[in-house]
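*Asks:* Pasting coords-v2.txt below, which is compact mmCIF, C-alpha atoms.
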```txt
# COMPACT_ATOMS: atom_id res chain seq x y z
CA MET A 1 -27.93 5.00 -2.23
CA GLU A 2 -29.65 6.84 0.61
CA ASN A 3 -33.15 8.05 1.37
CA ASN A 4 -33.44 10.42 4.33
CA GLY A 5 -30.08 9.15 5.59
CA VAL A 6 -31.11 5.49 5.34
CA SER A 7 -29.51 3.20 2.78
CA THR A 8 -32.01 1.98 0.18
CA THR A 9 -29.63 -0.74 -1.01
CA ALA A 10 -28.80 -2.34 2.36
CA GLY A 11 -29.37 -6.08 2.27
CA LYS A 12 -29.69 -6.10 -1.52
CA VAL A 13 -27.38 -7.13 -4.33
CA ILE A 14 -25.89 -4.04 -6.02
CA ARG A 15 -25.11 -3.88 -9.72
CA CYS A 16 -22.16 -1.62 -10.50
CA LYS A 17 -19.12 -1.24 -12.72
CA ALA A 18 -15.77 -2.85 -11.96
CA ALA A 19 -12.40 -3.03 -13.73
CA ILE A 20 -11.77 -6.77 -14.03
CA SER A 21 -8.43 -8.42 -14.72
CA ARG A 22 -9.15 -11.65 -16.57
CA PHE A 23 -5.67 -12.49 -17.87
CA PRO A 24 -2.19 -11.72 -16.49
CA GLY A 25 -0.66 -8.55 -17.85
CA LYS A 26 -3.64 -7.74 -20.09
CA PRO A 27 -5.61 -4.46 -19.90
CA LEU A 28 -8.44 -4.38 -17.39
CA VAL A 29 -11.99 -4.55 -18.74
CA ILE A 30 -14.79 -2.38 -17.34
CA GLU A 31 -17.77 -4.66 -16.80
CA GLU A 32 -21.02 -4.63 -14.88
CA ILE A 33 -20.92 -6.94 -11.88
CA GLU A 34 -23.07 -7.91 -8.92
CA VAL A 35 -21.86 -7.19 -5.39
CA ASP A 36 -23.49 -9.17 -2.59
CA PRO A 37 -24.57 -7.55 0.70
CA PRO A 38 -22.08 -7.77 3.56
CA LYS A 39 -22.28 -10.84 5.77
CA ALA A 40 -21.61 -10.77 9.52
CA TRP A 41 -18.50 -8.73 10.44
CA GLU A 42 -18.37 -7.21 6.94
CA VAL A 43 -18.77 -3.71 5.50
CA ARG A 44 -19.91 -2.73 1.99
CA ILE A 45 -18.18 0.42 0.80
CA LYS A 46 -18.91 2.84 -2.04
CA ILE A 47 -15.45 3.68 -3.37
CA VAL A 48 -14.90 7.42 -3.90
CA CYS A 49 -11.43 7.17 -5.37
CA THR A 50 -8.60 4.67 -5.55
CA SER A 51 -5.03 4.55 -6.81
CA LEU A 52 -2.55 2.13 -8.30
CA CYS A 53 0.40 0.65 -6.40
CA HIS A 54 3.35 -1.47 -7.62
CA THR A 55 1.95 -4.39 -5.62
CA ASP A 56 -1.08 -4.36 -7.91
CA ILE A 57 1.29 -4.48 -10.89
CA THR A 58 3.27 -7.41 -9.45
CA PHE A 59 0.17 -9.55 -8.93
CA TRP A 60 -1.43 -8.40 -12.21
CA LYS A 61 1.63 -9.64 -14.14
CA SER A 62 1.82 -12.96 -12.29
CA GLU A 63 0.94 -16.18 -14.08
CA PRO A 64 -1.09 -18.89 -12.30
CA PRO A 65 -0.89 -20.48 -9.79
CA PHE A 66 0.49 -17.39 -8.00
CA GLY A 67 -1.66 -15.16 -10.19
CA ILE A 68 -5.37 -15.70 -9.57
CA PHE A 69 -7.93 -14.68 -12.22
CA PRO A 70 -10.48 -13.26 -12.90
CA ARG A 71 -9.82 -10.73 -10.17
CA ILE A 72 -10.58 -7.18 -9.09
CA PHE A 73 -7.32 -5.53 -8.11
CA GLY A 74 -6.76 -2.31 -6.15
CA HIS A 75 -5.98 -1.92 -2.45
CA GLU A 76 -5.34 1.80 -1.87
CA ALA A 77 -8.64 3.65 -1.63
CA VAL A 78 -11.11 5.72 0.31
CA GLY A 79 -14.86 5.32 0.40
CA VAL A 80 -18.15 5.71 2.23
CA VAL A 81 -19.88 2.94 4.14
CA GLU A 82 -23.02 1.89 2.25
CA SER A 83 -24.16 -0.80 4.69
CA VAL A 84 -22.81 -3.12 7.37
CA GLY A 85 -23.38 -6.74 8.33
CA GLU A 86 -24.26 -8.14 11.74
CA HIS A 87 -21.95 -7.42 14.69
CA VAL A 88 -20.34 -4.37 13.02
CA GLU A 89 -20.41 -1.51 15.51
CA GLU A 90 -17.30 0.61 14.93
CA VAL A 91 -18.53 2.08 11.61
CA LYS A 92 -21.97 2.88 10.26
CA GLU A 93 -23.66 3.95 7.03
CA GLY A 94 -22.24 7.23 5.75
CA ASP A 95 -18.87 7.03 7.55
CA LEU A 96 -15.75 7.86 5.56
CA VAL A 97 -13.39 4.89 5.73
CA LEU A 98 -10.13 3.49 4.40
CA PRO A 99 -10.11 -0.15 3.33
CA VAL A 100 -6.66 -1.53 4.23
CA PHE A 101 -5.07 -4.83 3.23
CA GLN A 102 -3.52 -5.30 6.67
CA PRO A 103 -6.06 -6.82 9.11
CA HIS A 104 -6.28 -5.56 12.70
CA CYS A 105 -8.64 -7.67 14.79
CA GLY A 106 -7.43 -6.24 18.11
CA GLU A 107 -7.98 -9.60 19.82
CA CYS A 108 -5.18 -12.00 18.84
CA ARG A 109 -1.81 -12.26 20.57
CA ASP A 110 -0.08 -10.29 17.83
CA CYS A 111 -2.62 -7.47 17.70
CA LYS A 112 -2.31 -7.08 21.48
CA SER A 113 1.50 -7.03 21.31
CA THR A 114 3.56 -3.90 20.68
CA LYS A 115 6.18 -6.02 18.90
CA SER A 116 4.25 -6.66 15.69
CA ASN A 117 1.46 -5.45 13.45
CA ILE A 118 0.77 -8.89 12.03
CA CYS A 119 -2.73 -10.18 12.81
CA SER A 120 -2.31 -13.90 13.45
CA LYS A 121 -6.08 -14.47 13.44
CA PHE A 122 -6.51 -13.38 9.82
CA LYS A 123 -3.02 -13.69 8.32
CA LYS A 124 -3.33 -15.49 4.99
CA ASP A 125 -1.05 -14.77 2.05
CA ASN A 126 -2.57 -13.78 -1.31
CA LEU A 127 -6.04 -14.66 -0.07
CA PRO A 128 -8.34 -14.71 -3.14
CA ASN A 129 -11.64 -14.19 -1.31
CA MET A 130 -13.14 -13.04 2.01
CA PRO A 131 -11.06 -13.96 5.07
CA ARG A 132 -13.74 -15.57 7.25
CA ASP A 133 -15.58 -17.92 4.91
CA GLY A 134 -13.34 -18.02 1.81
CA THR A 135 -16.14 -16.99 -0.56
CA SER A 136 -16.35 -13.99 -2.90
CA ARG A 137 -18.88 -11.15 -2.87
CA PHE A 138 -18.36 -10.46 -6.62
CA ARG A 139 -19.96 -12.10 -9.68
CA ASP A 140 -20.11 -11.09 -13.31
CA LEU A 141 -23.49 -11.08 -15.08
CA LYS A 142 -22.89 -14.65 -16.27
CA GLY A 143 -22.66 -15.78 -12.66
CA GLU A 144 -18.89 -16.37 -12.71
CA ILE A 145 -17.07 -15.67 -9.44
CA ILE A 146 -14.68 -12.69 -9.53
CA HIS A 147 -11.93 -13.04 -6.94
CA ASN A 148 -10.96 -10.57 -4.24
CA PHE A 149 -7.50 -9.01 -3.91
CA ILE A 150 -5.68 -8.86 -0.56
CA ASN A 151 -8.81 -8.08 1.44
CA VAL A 152 -9.74 -4.90 -0.45
CA SER A 153 -10.48 -4.98 -4.24
CA SER A 154 -10.99 -1.26 -4.84
CA PHE A 155 -11.16 -1.16 -8.66
CA THR A 156 -14.94 -1.33 -8.41
CA GLU A 157 -17.68 1.14 -7.54
CA TYR A 158 -18.66 -1.01 -4.54
CA THR A 159 -16.61 -3.50 -2.57
CA VAL A 160 -17.10 -5.62 0.55
CA VAL A 161 -14.39 -5.66 3.21
CA ASP A 162 -14.06 -7.45 6.56
CA VAL A 163 -14.41 -5.06 9.50
CA THR A 164 -10.84 -5.93 10.55
CA ASN A 165 -9.69 -4.26 7.30
CA VAL A 166 -11.59 -0.99 7.78
CA VAL A 167 -10.28 2.21 9.34
CA LYS A 168 -12.67 5.07 10.10
CA PHE A 169 -11.05 8.23 8.76
CA THR A 170 -11.33 11.95 9.35
CA THR A 171 -13.36 14.05 6.90
CA GLU A 172 -10.99 17.00 7.42
CA ILE A 173 -8.54 15.66 4.82
CA PRO A 174 -9.48 15.84 1.11
CA VAL A 175 -10.46 12.38 -0.08
CA GLU A 176 -7.75 12.12 -2.74
CA LYS A 177 -5.12 12.76 -0.03
CA ALA A 178 -6.89 10.41 2.39
CA CYS A 179 -6.60 7.66 -0.23
CA LEU A 180 -2.79 7.67 0.13
CA PHE A 181 -3.00 6.66 3.80
CA SER A 182 -4.65 3.39 2.79
CA CYS A 183 -1.28 1.96 1.69
CA GLY A 184 1.65 3.98 0.30
CA VAL A 185 2.05 6.77 2.85
CA SER A 186 1.40 4.50 5.83
CA THR A 187 3.78 1.84 4.50
CA GLY A 188 6.63 4.29 3.93
CA VAL A 189 6.28 6.62 6.90
CA GLY A 190 5.62 3.69 9.23
CA ALA A 191 8.75 1.87 8.07
CA ALA A 192 10.91 4.81 9.20
CA TRP A 193 8.91 5.57 12.33
CA LYS A 194 7.77 2.19 13.67
CA VAL A 195 10.00 -0.49 12.11
CA ALA A 196 13.38 1.22 11.89
CA GLY A 197 12.91 3.72 14.70
CA VAL A 198 14.99 6.33 12.88
CA GLU A 199 16.67 8.64 15.39
CA ALA A 200 17.45 12.35 15.27
CA GLY A 201 20.80 12.99 13.61
CA SER A 202 20.98 9.55 11.96
CA THR A 203 21.84 8.73 8.34
CA VAL A 204 19.38 7.02 6.00
CA ALA A 205 19.66 5.46 2.54
CA ILE A 206 16.51 4.71 0.53
CA PHE A 207 16.68 2.42 -2.51
CA GLY A 208 13.84 3.24 -4.91
CA LEU A 209 12.15 6.62 -4.92
CA GLY A 210 8.63 5.72 -5.88
CA ALA A 211 5.69 6.75 -3.71
CA VAL A 212 6.66 4.34 -0.91
CA GLY A 213 10.35 5.30 -0.96
CA LEU A 214 9.50 8.99 -0.87
CA SER A 215 7.12 8.32 2.01
CA VAL A 216 10.03 6.68 3.84
CA ALA A 217 11.92 9.95 3.29
CA VAL A 218 8.99 11.89 4.77
CA GLY A 219 9.04 9.60 7.79
CA ALA A 220 12.82 9.84 8.19
CA ARG A 221 12.67 13.63 8.04
CA LEU A 222 9.86 13.59 10.59
CA CYS A 223 12.10 11.53 12.90
CA GLY A 224 14.95 14.04 12.52
CA ALA A 225 17.40 12.21 10.23
CA SER A 226 20.30 14.47 9.27
CA LYS A 227 21.20 12.85 5.93
CA ILE A 228 18.66 11.09 3.71
CA ILE A 229 20.23 9.55 0.61
CA GLY A 230 17.99 8.58 -2.29
CA VAL A 231 19.15 5.83 -4.68
CA ASP A 232 17.39 5.61 -8.03
CA LEU A 233 18.23 5.08 -11.70
CA ASN A 234 16.01 8.01 -12.71
CA PRO A 235 18.03 11.24 -12.30
CA GLU A 236 14.80 13.28 -12.23
CA LYS A 237 13.97 11.70 -8.87
CA PHE A 238 16.51 13.90 -7.03
CA GLU A 239 14.64 17.13 -7.70
CA ILE A 240 11.37 15.39 -6.86
CA GLY A 241 12.89 13.82 -3.77
CA THR A 242 14.03 17.11 -2.24
CA LYS A 243 10.36 17.98 -1.68
CA PHE A 244 10.05 14.94 0.57
CA GLY A 245 13.29 15.23 2.52
CA ILE A 246 15.96 13.68 0.27
CA THR A 247 19.25 15.52 0.96
CA ASP A 248 21.61 13.55 -1.31
CA PHE A 249 21.15 11.46 -4.44
CA ILE A 250 22.95 8.52 -6.04
CA ASN A 251 22.32 7.22 -9.55
CA PRO A 252 23.90 3.72 -9.60
CA ALA A 253 24.45 4.05 -13.35
CA ALA A 254 26.72 7.04 -12.73
CA CYS A 255 28.94 5.33 -10.13
CA GLY A 256 31.26 3.67 -12.65
CA ASP A 257 32.99 0.59 -11.24
CA LYS A 258 32.36 1.65 -7.65
CA PRO A 259 29.57 -0.29 -5.90
CA VAL A 260 26.70 1.80 -4.54
CA SER A 261 27.45 0.45 -1.08
CA GLN A 262 30.96 1.87 -1.23
CA VAL A 263 29.65 5.28 -2.31
CA ILE A 264 27.21 5.30 0.61
CA LYS A 265 29.91 4.24 3.07
CA GLU A 266 32.07 7.15 1.92
CA MET A 267 29.16 9.58 2.26
CA THR A 268 28.23 8.38 5.76
CA ASP A 269 31.61 7.63 7.33
CA GLY A 270 31.19 3.87 7.32
CA GLY A 271 27.64 3.11 6.22
CA ALA A 272 24.10 4.37 6.73
CA ASP A 273 22.45 3.83 10.10
CA TYR A 274 19.24 2.81 8.33
CA CYS A 275 18.73 1.44 4.82
CA PHE A 276 15.36 0.84 3.12
CA GLU A 277 14.71 -1.32 0.06
CA CYS A 278 11.53 -0.14 -1.65
CA ILE A 279 11.76 -1.83 -5.06
CA GLY A 280 11.44 -5.59 -4.64
CA ILE A 281 14.64 -6.93 -6.25
CA ALA A 282 16.84 -9.40 -4.36
CA SER A 283 20.11 -7.89 -5.61
CA VAL A 284 19.03 -4.43 -4.44
CA MET A 285 18.09 -5.85 -1.04
CA LYS A 286 21.65 -7.16 -0.80
CA ASP A 287 23.05 -3.75 -1.86
CA ALA A 288 20.97 -2.05 0.82
CA PHE A 289 22.24 -4.46 3.47
CA SER A 290 25.86 -3.94 2.36
CA SER A 291 25.35 -0.16 2.59
CA SER A 292 24.44 -0.29 6.28
CA ARG A 293 26.92 0.43 9.02
CA GLU A 294 28.78 -2.32 10.85
CA GLY A 295 27.80 -2.61 14.48
CA TRP A 296 24.25 -1.30 14.32
CA GLY A 297 23.17 -0.80 10.72
CA LYS A 298 19.54 -1.76 10.18
CA THR A 299 18.09 -2.66 6.77
CA VAL A 300 14.33 -2.63 6.28
CA ILE A 301 12.83 -4.47 3.31
CA LEU A 302 9.52 -3.09 2.03
CA GLY A 303 9.48 -4.36 -1.57
CA VAL A 304 7.83 -7.63 -2.60
CA GLU A 305 10.50 -9.57 -4.57
CA MET A 306 8.93 -9.45 -8.00
CA HIS A 307 10.69 -12.56 -9.34
CA GLY A 308 10.42 -14.73 -6.23
CA SER A 309 14.23 -14.79 -5.92
CA PRO A 310 15.86 -15.49 -2.54
CA VAL A 311 18.14 -12.97 -0.86
CA SER A 312 21.73 -14.07 -0.29
CA LEU A 313 23.65 -12.35 2.53
CA ASN A 314 27.20 -12.82 3.81
CA SER A 315 27.02 -14.36 7.30
CA LEU A 316 30.15 -12.48 8.39
CA GLU A 317 28.37 -9.20 7.62
CA ILE A 318 25.48 -10.29 9.81
CA LEU A 319 27.83 -11.32 12.60
CA SER A 320 29.32 -7.82 12.49
CA GLY A 321 26.11 -6.45 13.97
CA ARG A 322 24.03 -5.58 10.94
CA SER A 323 20.38 -6.61 10.96
CA VAL A 324 17.53 -7.05 8.49
CA TYR A 325 13.85 -6.37 9.16
CA GLY A 326 10.79 -6.99 7.05
CA SER A 327 8.09 -4.34 6.98
CA PHE A 328 4.42 -5.00 6.26
CA PHE A 329 2.22 -1.89 6.11
CA GLY A 330 5.05 0.03 7.76
CA GLY A 331 4.70 -1.90 11.00
CA LEU A 332 1.51 0.06 11.69
CA LYS A 333 -1.55 -1.25 13.45
CA PRO A 334 -4.11 0.29 11.07
CA LYS A 335 -6.95 1.22 13.43
CA SER A 336 -4.72 2.91 16.03
CA ASP A 337 -1.71 4.19 14.05
CA VAL A 338 -3.22 5.49 10.80
CA PRO A 339 -5.29 8.12 12.70
CA ILE A 340 -2.01 9.31 14.29
CA LEU A 341 -0.53 9.89 10.82
CA ALA A 342 -3.72 11.67 9.77
CA GLN A 343 -3.36 14.06 12.69
CA LYS A 344 0.27 14.72 11.79
CA TYR A 345 -0.92 15.61 8.29
CA LEU A 346 -3.51 18.01 9.71
CA ASP A 347 -0.80 19.51 11.93
CA LYS A 348 1.31 20.02 8.76
CA GLU A 349 4.05 17.74 10.08
CA LEU A 350 3.46 15.25 7.28
CA GLN A 351 3.61 16.62 3.74
CA VAL A 352 2.55 14.11 1.10
CA ASP A 353 0.35 16.10 -1.32
CA ASP A 354 3.03 16.09 -4.04
CA LEU A 355 2.85 12.30 -4.27
CA ILE A 356 -0.26 12.78 -6.41
CA THR A 357 1.06 13.47 -9.91
CA HIS A 358 -1.88 12.37 -12.08
CA GLU A 359 -5.65 11.89 -11.93
CA VAL A 360 -7.85 9.86 -14.29
CA LYS A 361 -11.48 8.83 -14.60
CA PHE A 362 -12.41 5.24 -13.73
CA GLN A 363 -13.04 4.37 -17.37
CA ASP A 364 -9.44 5.38 -18.10
CA ILE A 365 -7.92 3.12 -15.44
CA ASN A 366 -5.59 1.43 -17.93
CA LYS A 367 -3.92 4.81 -18.46
CA ALA A 368 -2.91 4.69 -14.78
CA PHE A 369 -1.24 1.33 -15.45
CA ASP A 370 0.61 2.77 -18.47
CA LEU A 371 1.85 5.77 -16.47
CA LEU A 372 3.17 3.61 -13.62
CA LEU A 373 4.77 1.06 -15.95
CA GLN A 374 6.53 3.89 -17.79
CA GLY A 375 7.75 5.43 -14.53
CA LYS A 376 5.89 8.66 -15.23
CA THR A 377 3.77 8.83 -12.08
CA LEU A 378 4.13 8.51 -8.33
CA ARG A 379 0.46 8.14 -7.48
CA CYS A 380 -2.36 8.40 -9.99
CA ILE A 381 -5.75 9.00 -8.40
CA ILE A 382 -8.58 7.12 -10.10
CA TRP A 383 -11.93 8.85 -9.60
CA MET A 384 -15.02 6.67 -9.65
CA ASP A 385 -17.61 9.37 -10.42
CA LYS A 386 -15.72 12.14 -12.24
```
Starting from the file, lay out its structure as structure tokens.
*Replies:*
Amino acid sequence: MENNGVSTTAGKVIRCKAAISRFPGKPLVIEEIEVDPPKAWEVRIKIVCTSLCHTDITFWKSEPPFGIFPRIFGHEAVGVVESVGEHVEEVKEGDLVLPVFQPHCGECRDCKSTKSNICSKFKKDNLPNMPRDGTSRFRDLKGEIIHNFINVSSFTEYTVVDVTNVVKFTTEIPVEKACLFSCGVSTGVGAAWKVAGVEAGSTVAIFGLGAVGLSVAVGARLCGASKIIGVDLNPEKFEIGTKFGITDFINPAACGDKPVSQVIKEMTDGGADYCFECIGIASVMKDAFSSSREGWGKTVILGVEMHGSPVSLNSLEILSGRSVYGSFFGGLKPKSDVPILAQKYLDKELQVDDLITHEVKFQDINKAFDLLLQGKTLRCIIWMDK
């Protein structure tokens, strides 16, 4: 890629391997593709490693029109800048970067506000291609367009990302750990820190102890929560959860006829101060809300509802002072807040290494899908070159 520190592929089409999803729910196929050079305001990145998130699974399973195919999934990754397009000044060839699905232009009303991390200039749901011109940078060798996935598409050796979706990252953190900050860790820790504003001595209930839920626990512990209750159907998650700050555990299947919300109210003297839904099921979102304390209980929803079902809440419970917040990328502004989390990791305040439970080679990417679908992994690192 480089010759005396200068990219030999800049401005040229790159042929590389990518894991393409051509049909919903079917195994990915490793194919050779062509990746165009970056246009203005874009960055081409050589992916070092990536990982699989439940959001990838949700979209991968989705039938058209919500599901868009053929597509290159993946949105949690770390890589090295191969080349940049015109007007890109904040990163250069050779920089270690995180591609992030959440844009941060720094110019719009929302980016300038402390109240939100939504970028109104580039906010488009389920965008299938590049955000500025709506075209793709990927083609298969037959010339067919391969669609982008939420601004990243990391299941490929090279990808092209808008500069608003790139965060320059420290080289002091091992790349496989750095990868986690691209989505899961930032989403979970940020939800506790930025969105909920968990306070010292408060009580927390987390529904779903996957990588994001456990990252919420890390964030809640960092904020000084005194009781962090994990709710999960897998009893093995309690022992795992204690490493991340979980102090108490509830298996809904072991509660008999008693609702989970009642159990939590009994454990917290009236309801948890902060509840987090990290699964993406409407009924669980309702349970989380019902588990929060009257007067000031705050429920934060992180999970994408996997069936598209609406959430039904009792208006009297809302009138009693409970509130519900949505959380996108943990409420973090990527370019300014992710480096803060990285520093906390370096200062050993943020312990997330145990989230990585498996590692596979790129050609074995479908094994990562199997492990996550079977509930056997938290984060599986997918190495591009190993």
*Asks:* Counting only C-alpha atoms, find the residues whose atoms lie at most 8 Å from (11.7, -1.5, 10.6) (file coordinates) and write them out as a list in words.
*Replies:*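 Selection result: Ala191, Ala192, Trp193, Lys194, Val195, Ala196, Gly197, Lys298, Thr299, Val300, Ile301, Tyr325, Gly326, Ser327, Gly330 and Gly331 of chain A.
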*Asks:* Kindly export the residues of the current selection with C-alpha atoms, as a short mmCIF file (atom, residue, chain, number, x, y, z; two decimals), keeping the file's coordinate frame.
*Replies:*
```cif
data_model
loop_
_atom_site.label_atom_id
_atom_site.label_comp_id
_atom_site.auth_asym_id
_atom_site.auth_seq_id
_atom_site.Cartn_x
_atom_site.Cartn_y
_atom_site.Cartn_z
CA ALA A 191 8.75 1.87 8.07
CA ALA A 192 10.91 4.81 9.20
CA TRP A 193 8.91 5.57 12.33
CA LYS A 194 7.77 2.19 13.67
CA VAL A 195 10.00 -0.49 12.11
CA ALA A 196 13.38 1.22 11.89
CA GLY A 197 12.91 3.72 14.70
CA LYS A 298 19.54 -1.76 10.18
CA THR A 299 18.09 -2.66 6.77
CA VAL A 300 14.33 -2.63 6.28
CA ILE A 301 12.83 -4.47 3.31
CA TYR A 325 13.85 -6.37 9.16
CA GLY A 326 10.79 -6.99 7.05
CA SER A 327 8.09 -4.34 6.98
CA GLY A 330 5.05 0.03 7.76
CA GLY A 331 4.70 -1.90 11.00
#
```
*Asks:* Given the choices A:Gly208, A:Gly256, A:Gly245, A:Pro174, which gets closest to A:Ala225 if the distance is worked out from only C-alpha atoms?
*Replies:* A:Gly245
*Asks:* With only C-alpha atoms as the atoms that count, which of A:Glu266, A:Asp337, A:Asp56, A:Asp364 lies nearest to A:Val189?
*Replies:*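 Using only C-alpha atoms, the shortest distance to A:Val189 belongs to A:Asp337.
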*Asks:* For atom CA of A:Asp353 and atom CA of A:Ile264, determine how far apart the two atoms are, in Å to one decimal place.
*Replies:* 29.0 Å
*Asks:* Using all atoms listed in the file, collect all residues at a distance of at most 9 Å from (21.9, 12.5, -8.3) as written in the file, then present them as a PyMOL selection string.
*Replies:* chain A and resi 230-239+248-251+254
*Asks:* Which residues come within 10 Å of A:Lys12, counting only C-alpha atoms, excluding same-chain residues fewer than 6 positions away, as a list in words?
*Replies:*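 My list of contacting residues is Val35, Asp36, Pro37, Pro38 and Ser83 of chain A.
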*Asks:* Quick one, how far is atom CA of A:Val198 from atom CA of A:Val218?
*Replies:*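 According to the coordinates, atom CA of A:Val198 and atom CA of A:Val218 are separated by 11.5 Å.
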*Asks:* Can you list, as a count of residues only, every protein, DNA or RNA residue that comes within 7 Å of stretch 68-79 of chain A when you count all atoms listed in the file, leaving out same-chain residues fewer than 5 positions away?
*Replies:* 34
*Asks:* In Å to one decimal, how far is atom CA of A:Glu172 from atom CA of A:Ile246?
*Replies:*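 Atom CA of A:Glu172 lies at a distance of 28.1 Å from atom CA of A:Ile246.
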*Asks:* Hey, what's within 6 Å of A:Val212 if we count all atoms listed in the file and toss same-chain stuff fewer than 2 positions away? As a list in words, please?
*Replies:* Gly184, Gly188, Gly210, Leu214 and Ser215 of chain A
*Asks:* Rank nothing, just name the residue among A:Thr9, A:Thr268, A:Gln102, A:Asn129 nearest to A:Ser116, using all atoms listed in the file.
*Replies:*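 So, comparing all the options, the nearest one is A:Gln102.
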*Asks:* Show me, as an MDAnalysis selection string, the residues that have an atom within 9 Å of A:Lys92 when counting only C-alpha atoms, minus same-chain residues fewer than 2 positions from it.
*Replies:* chainID A and resid 43 81:84 88:90 94:95
*Asks:* Quick one: residues within 8 Å of stretch 57-60 of chain A, all atoms listed in the file counted, chain neighbours fewer than 3 positions away excluded, as a list in words?
*Replies:* Ser21, Pro24, Gly25, Cys53, His54, Phe66, Gly67, Phe73, Met306 and Phe369 of chain A
*Asks:* Using all atoms listed in the file, can you tell me which of A:Gly201, A:Gly375, A:Gly106, A:Pro65 comes closest to A:Pro128?
*Replies:*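 Of all the options, A:Pro65 lies closest to A:Pro128.
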*Asks:* Give the answer as one residue: which of A:Val263, A:Tyr158, A:Leu378, A:Met384 has the shortest atom-to-atom distance to A:Ile365, using only C-alpha atoms?
*Replies:*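 Comparing A:Val263, A:Tyr158, A:Leu378, A:Met384 against A:Ile365, the winner is A:Met384.
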